[in-house]
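Below is one structure, written out as structure tokens; comments come after it.
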Amino acid sequence: MTKTISLLGSTGSIGRQTLQVARELGLSVAALTANRQVDLLEQQAREFHPALAVLYDRDAARQLRLRLSDTDIRVESGPEGLLLAAQLPQADTVVTAVMGSVGLEPTLAAIRRKKRIALANKETLVCAGELVMAEAERWGADIVPVDSEHSAIFQSLQGCRDRNEVRRLLLTCSGGPFFGRSFRDLEGVTPADALKHPNWSMGAKITIDSATLMNKGLEVIEAMRLYRLPLAQVSVMVHPQSIVHSMVEFKDGAVLAQLGTPDMRLPIRYAMTYPERGENPAPPLDLLNSPPLTFSEPDRETFPCLRLAEEAAEAGGTACAILNGANEEAVRLFLAEKIGFYDISDLVAAARAAVPVTQTPSLEEILSADHAAREAVKSAFARRHS
């Protein structure tokens, strides 16, 4: 069981919920990191008194350093600060709750220090899954997923003696705020519309990804990497109630599922206490008062991002890093109200077509592909508006 954590991304939705779990479990906090939220990180640092606080933005870090000058908390900034937080000897577990590909290098650094990785940053495995899993095996580092779907798969596989017994993984998907809507219905939707997720309270970027179904596509890639299965053995089912978090179908026809309320603190808590289970003060799932549970096929025509992700998964190599980098840049433009909802998938497809794919890439080639994809989206956007 975890005793001390370094929390990368403490001011986001997952980060704040992780700190709530840390309070309930009595965990120590060695490091807290964020992007530029000075006020909240100062508040968290004063409560948890970590050895290290990091703000990625250097100007924000200077402000935080002044505010915490009455404490002995060390304040650092930039990517080097994230790397320090990931490698602190005091922490036995590193929670990677930062958003985007910025989490890749700190995760690798923590793996090489043999930390447990409580993985909430799916982009790490999307961009460099083969590399990350190989390093985890080499250094003997545990990776325990925090995503509710992958935690469900992880739990459902606990009694599996041989991975060859698995027929397929069944990832469930709420369908997001636009489930059941047609292509024509969605052409004029706004960021405010897309941010109204029916079940989960999450950060803006992941909520938009849920609306486009890109989030589920990224989770398909993540599942392939975590469990070393081909795309043919990873399926997606829309389950609007978000009670069955995912399932494993075995060769004999048995299906094991993990059920629970749509509360991210459940998988966070399990990642902290694994292989044990800690007491949870939250009310448990009440099946007698739950709605009927329904399942359906996702609509890949109305939500082409899922198809684009599956195509990148099939292509392999740097295709997934290109997909992810392009999507991050396109979602940023959508949230800024500079492009429309379907421009996201169009720009991702354009970047995939423009950036060459490298098979069996190095870390440098993965990072280069990510950068090239972002530049391809910026160039395509500039051409449209020139």
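Residue numbering restarts at 1 for every chain of the structure tokens, chains are lettered A, B, ... in their displayed order, and ligands are numbered from 1 as they appear.
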
Q: Name the residues of segment 187-229 of chain A that come out as helix (DSSP H, G or I) in a backbone DSSP run; write them as a PyMOL selection string.
A: chain A and resi 191-194+204-212+214-227

Once you have the residues from the selection above, write them out as a PDB file, in the first residue's frame, restricted to C-alpha atoms.
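Writing the result to out-v5.pdb gives the following:
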ATOM      1  CA  PRO A 191     -17.637  24.469 -26.171  1.00  0.00           C
ATOM      2  CA  ALA A 192     -20.225  25.283 -23.494  1.00  0.00           C
ATOM      3  CA  ASP A 193     -22.516  22.578 -24.949  1.00  0.00           C
ATOM      4  CA  ALA A 194     -19.680  20.045 -25.144  1.00  0.00           C
ATOM      5  CA  ALA A 204     -12.164  20.812 -19.849  1.00  0.00           C
ATOM      6  CA  LYS A 205      -9.881  18.941 -22.244  1.00  0.00           C
ATOM      7  CA  ILE A 206     -10.948  15.436 -21.224  1.00  0.00           C
ATOM      8  CA  THR A 207     -14.604  16.517 -21.230  1.00  0.00           C
ATOM      9  CA  ILE A 208     -14.290  17.691 -24.841  1.00  0.00           C
ATOM     10  CA  ASP A 209     -12.552  14.401 -25.672  1.00  0.00           C
ATOM     11  CA  SER A 210     -15.526  12.596 -24.137  1.00  0.00           C
ATOM     12  CA  ALA A 211     -17.894  14.623 -26.308  1.00  0.00           C
ATOM     13  CA  THR A 212     -15.988  13.705 -29.509  1.00  0.00           C
ATOM     14  CA  MET A 214     -11.615  10.749 -28.766  1.00  0.00           C
ATOM     15  CA  ASN A 215     -11.234   9.961 -25.078  1.00  0.00           C
ATOM     16  CA  LYS A 216     -12.519   6.448 -25.700  1.00  0.00           C
ATOM     17  CA  GLY A 217     -10.231   6.105 -28.699  1.00  0.00           C
ATOM     18  CA  LEU A 218      -7.254   7.084 -26.561  1.00  0.00           C
ATOM     19  CA  GLU A 219      -8.373   4.545 -23.962  1.00  0.00           C
ATOM     20  CA  VAL A 220      -8.488   1.831 -26.625  1.00  0.00           C
ATOM     21  CA  ILE A 221      -4.829   2.561 -27.413  1.00  0.00           C
ATOM     22  CA  GLU A 222      -3.987   2.684 -23.705  1.00  0.00           C
ATOM     23  CA  ALA A 223      -5.649  -0.694 -23.122  1.00  0.00           C
ATOM     24  CA  MET A 224      -3.686  -2.248 -25.988  1.00  0.00           C
ATOM     25  CA  ARG A 225      -0.441  -1.041 -24.401  1.00  0.00           C
ATOM     26  CA  LEU A 226      -1.274  -1.834 -20.767  1.00  0.00           C
ATOM     27  CA  TYR A 227      -2.510  -5.353 -21.476  1.00  0.00           C
TER      28      TYR A 227
END

(Q) Can you pull out the residues contacting Phe295 of chain A? Cut-off 8 Å, using only C-alpha atoms, and skip same-chain residues under 4 positions away; I want them as a PyMOL selection string. (A) chain A and resi 237-240

How would the residues just chosen look if you wrote them out with all heavy atoms as a PDB file, in the first residue's frame?
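Writing done, so here's result_9.pdb:
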ATOM      1  N   MET A 237     -18.191  -0.222 -25.992  1.00  0.00           N
ATOM      2  CA  MET A 237     -19.647  -0.273 -25.889  1.00  0.00           C
ATOM      3  C   MET A 237     -20.123   0.994 -25.191  1.00  0.00           C
ATOM      4  O   MET A 237     -19.532   1.408 -24.180  1.00  0.00           O
ATOM      5  CB  MET A 237     -20.103  -1.501 -25.093  1.00  0.00           C
ATOM      6  CG  MET A 237     -19.639  -2.823 -25.661  1.00  0.00           C
ATOM      7  SD  MET A 237     -20.066  -4.210 -24.591  1.00  0.00           S
ATOM      8  CE  MET A 237     -21.820  -4.291 -24.858  1.00  0.00           C
ATOM      9  N   VAL A 238     -21.176   1.619 -25.714  1.00  0.00           N
ATOM     10  CA  VAL A 238     -21.754   2.794 -25.057  1.00  0.00           C
ATOM     11  C   VAL A 238     -22.676   2.323 -23.937  1.00  0.00           C
ATOM     12  O   VAL A 238     -23.568   1.494 -24.141  1.00  0.00           O
ATOM     13  CB  VAL A 238     -22.532   3.666 -26.059  1.00  0.00           C
ATOM     14  CG1 VAL A 238     -23.172   4.852 -25.344  1.00  0.00           C
ATOM     15  CG2 VAL A 238     -21.617   4.154 -27.167  1.00  0.00           C
ATOM     16  N   HIS A 239     -22.410   2.861 -22.752  1.00  0.00           N
ATOM     17  CA  HIS A 239     -23.167   2.505 -21.546  1.00  0.00           C
ATOM     18  C   HIS A 239     -23.483   3.810 -20.810  1.00  0.00           C
ATOM     19  O   HIS A 239     -22.693   4.281 -19.988  1.00  0.00           O
ATOM     20  CB  HIS A 239     -22.321   1.558 -20.681  1.00  0.00           C
ATOM     21  CG  HIS A 239     -22.865   1.302 -19.313  1.00  0.00           C
ATOM     22  ND1 HIS A 239     -24.150   0.835 -19.096  1.00  0.00           N
ATOM     23  CD2 HIS A 239     -22.301   1.445 -18.080  1.00  0.00           C
ATOM     24  CE1 HIS A 239     -24.341   0.704 -17.789  1.00  0.00           C
ATOM     25  NE2 HIS A 239     -23.238   1.075 -17.159  1.00  0.00           N
ATOM     26  N   PRO A 240     -24.603   4.445 -21.135  1.00  0.00           N
ATOM     27  CA  PRO A 240     -24.871   5.803 -20.656  1.00  0.00           C
ATOM     28  C   PRO A 240     -24.941   5.950 -19.135  1.00  0.00           C
ATOM     29  O   PRO A 240     -24.731   7.055 -18.616  1.00  0.00           O
ATOM     30  CB  PRO A 240     -26.228   6.146 -21.291  1.00  0.00           C
ATOM     31  CG  PRO A 240     -26.353   5.235 -22.458  1.00  0.00           C
ATOM     32  CD  PRO A 240     -25.659   3.982 -22.058  1.00  0.00           C
TER      33      PRO A 240
END

**Q.** Polymer residues at most 7 Å from segment 344-350 of chain A, only C-alpha atoms, same-chain spacing of 5 or more positions, as a PyMOL selection string
**A.** chain A and resi 304-305+323+326-327+330-331+377

Q: Using only C-alpha atoms, determine which residues lie at most 12 Å from Leu64 of chain A, disregarding the query and same-chain residues fewer than 5 positions distant; provide the list as a ChimeraX atom specification.
A: /A:33-46,52-59,69-71,73-77

Q: Please return as a ChimeraX atom specification: the residues of segment 187-344 of chain A that backbone DSSP assigns to strand (DSSP E or B).
A: /A:234-238,244-250,255-259,296

Saved selection, atoms kept: C-alpha atoms, as a JSON list (two decimals), in the first residue's frame:
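out_6.json, freshly written:
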[["chain", "number", "residue", "atom", "x", "y", "z"],
["A", 234, "VAL", "CA", -10.35, -4.33, -27.51],
["A", 235, "SER", "CA", -13.99, -3.33, -28.05],
["A", 236, "VAL", "CA", -16.04, -0.25, -27.11],
["A", 237, "MET", "CA", -19.65, -0.27, -25.89],
["A", 238, "VAL", "CA", -21.75, 2.79, -25.06],
["A", 244, "VAL", "CA", -20.35, -0.85, -15.40],
["A", 245, "HIS", "CA", -16.91, 0.68, -15.78],
["A", 246, "SER", "CA", -15.55, -2.02, -18.11],
["A", 247, "MET", "CA", -15.50, -5.78, -18.59],
["A", 248, "VAL", "CA", -13.25, -8.68, -19.54],
["A", 249, "GLU", "CA", -14.61, -11.48, -21.69],
["A", 250, "PHE", "CA", -12.76, -14.79, -21.34],
["A", 255, "VAL", "CA", -17.53, -12.02, -18.49],
["A", 256, "LEU", "CA", -16.16, -10.26, -15.39],
["A", 257, "ALA", "CA", -17.13, -6.63, -14.80],
["A", 258, "GLN", "CA", -16.38, -3.97, -12.21],
["A", 259, "LEU", "CA", -19.34, -1.86, -11.15],
["A", 296, "SER", "CA", -25.06, -0.12, -27.56]]

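Distance check against Ala109 of chain A using only C-alpha atoms: of A:Trp200, A:His49, A:Cys127, A:Gln87, the minimum falls on A:Gln87.
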
At a cut-off of 7 Å, using only C-alpha atoms, what residues contact segment 275-291 of chain A? Leave out same-chain residues fewer than 4 positions from it and give the result as a CSV table (one decimal) with N, CA, C and O atoms, in the first residue's frame.
chain,number,residue,atom,x,y,z
A,1,MET,N,0.8,-1.2,0.0
A,1,MET,CA,0.0,0.0,0.0
A,1,MET,C,0.9,1.2,0.0
A,1,MET,O,1.9,1.3,0.6
A,260,GLY,N,-19.6,0.3,-10.1
A,260,GLY,CA,-19.5,1.3,-9.1
A,260,GLY,C,-20.1,2.6,-9.4
A,260,GLY,O,-20.5,2.8,-10.6
A,261,THR,N,-20.3,3.5,-8.5
A,261,THR,CA,-20.8,4.8,-8.8
A,261,THR,C,-19.8,5.5,-9.7
A,261,THR,O,-18.6,5.3,-9.6
A,270,TYR,N,-8.2,2.8,-5.1
A,270,TYR,CA,-7.7,1.4,-5.4
A,270,TYR,C,-6.2,1.5,-5.8
A,270,TYR,O,-5.4,0.6,-5.4

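Shell of Leu88 of chain A at 12 Å, with only C-alpha atoms counted and residues fewer than 6 places along the chain excluded, is Thr4, Ile5, Ser6, Leu7, Leu8, Val29, Ala30, Ala31, Leu32, Pro50, Ala51, Leu52, Ala53, Gly81, Leu82, Val94, Pro106, Ala109, Ala110, Ile111, Arg112, Arg113, Lys114 and Lys115 of chain A.
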
Let me see the file: selected residues, N, CA, C and O atoms, as a compact mmCIF listing (two decimals), in the first residue's frame.
# COMPACT_ATOMS: atom_id res chain seq x y z
N THR A 4 3.50 7.38 0.74
CA THR A 4 3.85 8.76 0.40
C THR A 4 3.76 8.93 -1.11
O THR A 4 4.28 8.12 -1.87
N ILE A 5 3.10 10.01 -1.54
CA ILE A 5 2.92 10.25 -2.97
C ILE A 5 3.63 11.51 -3.43
O ILE A 5 3.80 12.46 -2.67
N SER A 6 4.05 11.50 -4.68
CA SER A 6 4.32 12.72 -5.44
C SER A 6 3.17 12.87 -6.40
O SER A 6 2.87 11.94 -7.16
N LEU A 7 2.51 14.02 -6.38
CA LEU A 7 1.31 14.23 -7.19
C LEU A 7 1.60 15.23 -8.30
O LEU A 7 1.78 16.42 -8.05
N LEU A 8 1.68 14.72 -9.52
CA LEU A 8 1.93 15.56 -10.69
C LEU A 8 0.59 15.99 -11.27
O LEU A 8 -0.14 15.17 -11.82
N VAL A 29 2.46 13.53 1.53
CA VAL A 29 2.65 14.10 0.19
C VAL A 29 4.05 14.68 0.10
O VAL A 29 4.40 15.61 0.84
N ALA A 30 4.87 14.13 -0.79
CA ALA A 30 6.25 14.59 -0.94
C ALA A 30 6.37 15.75 -1.92
O ALA A 30 7.24 16.60 -1.77
N ALA A 31 5.52 15.76 -2.95
CA ALA A 31 5.62 16.80 -3.98
C ALA A 31 4.24 17.09 -4.55
O ALA A 31 3.41 16.19 -4.69
N LEU A 32 4.03 18.36 -4.90
CA LEU A 32 2.83 18.81 -5.59
C LEU A 32 3.27 19.61 -6.80
O LEU A 32 4.16 20.45 -6.69
N PRO A 50 4.46 19.57 1.46
CA PRO A 50 5.38 18.71 0.71
C PRO A 50 6.81 19.23 0.80
O PRO A 50 7.05 20.41 1.15
N ALA A 51 7.77 18.39 0.48
CA ALA A 51 9.15 18.85 0.40
C ALA A 51 9.35 19.75 -0.81
O ALA A 51 10.20 20.65 -0.80
N LEU A 52 8.55 19.53 -1.87
CA LEU A 52 8.74 20.23 -3.14
C LEU A 52 7.39 20.65 -3.72
O LEU A 52 6.44 19.87 -3.72
N ALA A 53 7.33 21.90 -4.19
CA ALA A 53 6.17 22.39 -4.94
C ALA A 53 6.68 22.92 -6.28
O ALA A 53 7.68 23.65 -6.32
N GLY A 81 11.50 20.81 -13.06
CA GLY A 81 10.80 20.70 -11.79
C GLY A 81 9.92 19.46 -11.74
O GLY A 81 9.87 18.76 -10.72
N LEU A 82 9.23 19.19 -12.85
CA LEU A 82 8.42 17.97 -12.93
C LEU A 82 9.28 16.72 -12.75
O LEU A 82 8.90 15.77 -12.07
N VAL A 94 4.08 7.68 -7.54
CA VAL A 94 3.95 8.92 -8.31
C VAL A 94 2.61 8.88 -9.02
O VAL A 94 2.35 7.99 -9.82
N PRO A 106 8.38 12.69 -17.19
CA PRO A 106 8.36 12.43 -15.74
C PRO A 106 7.95 11.00 -15.39
O PRO A 106 8.49 10.43 -14.44
N ALA A 109 10.91 8.84 -15.89
CA ALA A 109 11.89 9.09 -14.82
C ALA A 109 11.48 8.37 -13.54
O ALA A 109 12.32 7.78 -12.84
N ALA A 110 10.18 8.40 -13.21
CA ALA A 110 9.70 7.73 -12.00
C ALA A 110 9.84 6.21 -12.13
O ALA A 110 10.20 5.52 -11.16
N ILE A 111 9.56 5.69 -13.31
CA ILE A 111 9.72 4.25 -13.54
C ILE A 111 11.16 3.83 -13.28
O ILE A 111 11.42 2.79 -12.65
N ARG A 112 12.11 4.63 -13.75
CA ARG A 112 13.52 4.28 -13.58
C ARG A 112 13.99 4.40 -12.13
O ARG A 112 15.06 3.92 -11.79
N ARG A 113 13.17 5.03 -11.28
CA ARG A 113 13.41 5.03 -9.83
C ARG A 113 12.58 3.97 -9.12
O ARG A 113 12.51 3.96 -7.89
N LYS A 114 11.95 3.09 -9.92
CA LYS A 114 11.19 1.95 -9.40
C LYS A 114 10.00 2.38 -8.54
O LYS A 114 9.61 1.70 -7.58
N LYS A 115 9.40 3.52 -8.88
CA LYS A 115 8.21 3.98 -8.18
C LYS A 115 6.99 3.21 -8.67
O LYS A 115 6.95 2.72 -9.80

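You can rank A:Pro298, A:Pro267, A:Gly15, A:Pro356 by their closest distance to Ser151 of chain A using only C-alpha atoms, and at the top of that list sits A:Pro267.
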
Q. In Å to one decimal, how far is atom CA of Cys320 of chain A from atom CA of Arg138 of chain A?
A.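 Computed distance, atom CA of Arg138 of chain A to atom CA of Cys320 of chain A, equals 23.0 Å.
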
Q) So, counting only C-alpha atoms, which residue among A:Lys251, A:His197, A:Ser242, A:Pro177 is closest to Asp162 of chain A? A) A:Lys251

Q: Calculate how many Å separate atom CA of Leu195 of chain A from atom CA of Leu335 of chain A, rounding to one decimal.
A: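 Atom CA of Leu335 of chain A lies at a distance of 9.5 Å from atom CA of Leu195 of chain A.
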
Q: Grab the atom CA of His371 of chain A to atom CA of Gly203 of chain A distance for me, in Å with one decimal place.
A: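 Taking atom CA of His371 of chain A as the start and atom CA of Gly203 of chain A as the end point, the length is 22.9 Å.
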
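Using only C-alpha atoms, the smallest distance between any of A:Arg374, A:Arg269, A:Val357, A:Asp299 and Ala312 of chain A comes from A:Val357.
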
Q) Closest to Leu308 of chain A among A:Asn199, A:Asn121, A:Asn324, A:Ser174, using only C-alpha atoms? A)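 Smallest distance to Leu308 of chain A is found for A:Asn324.
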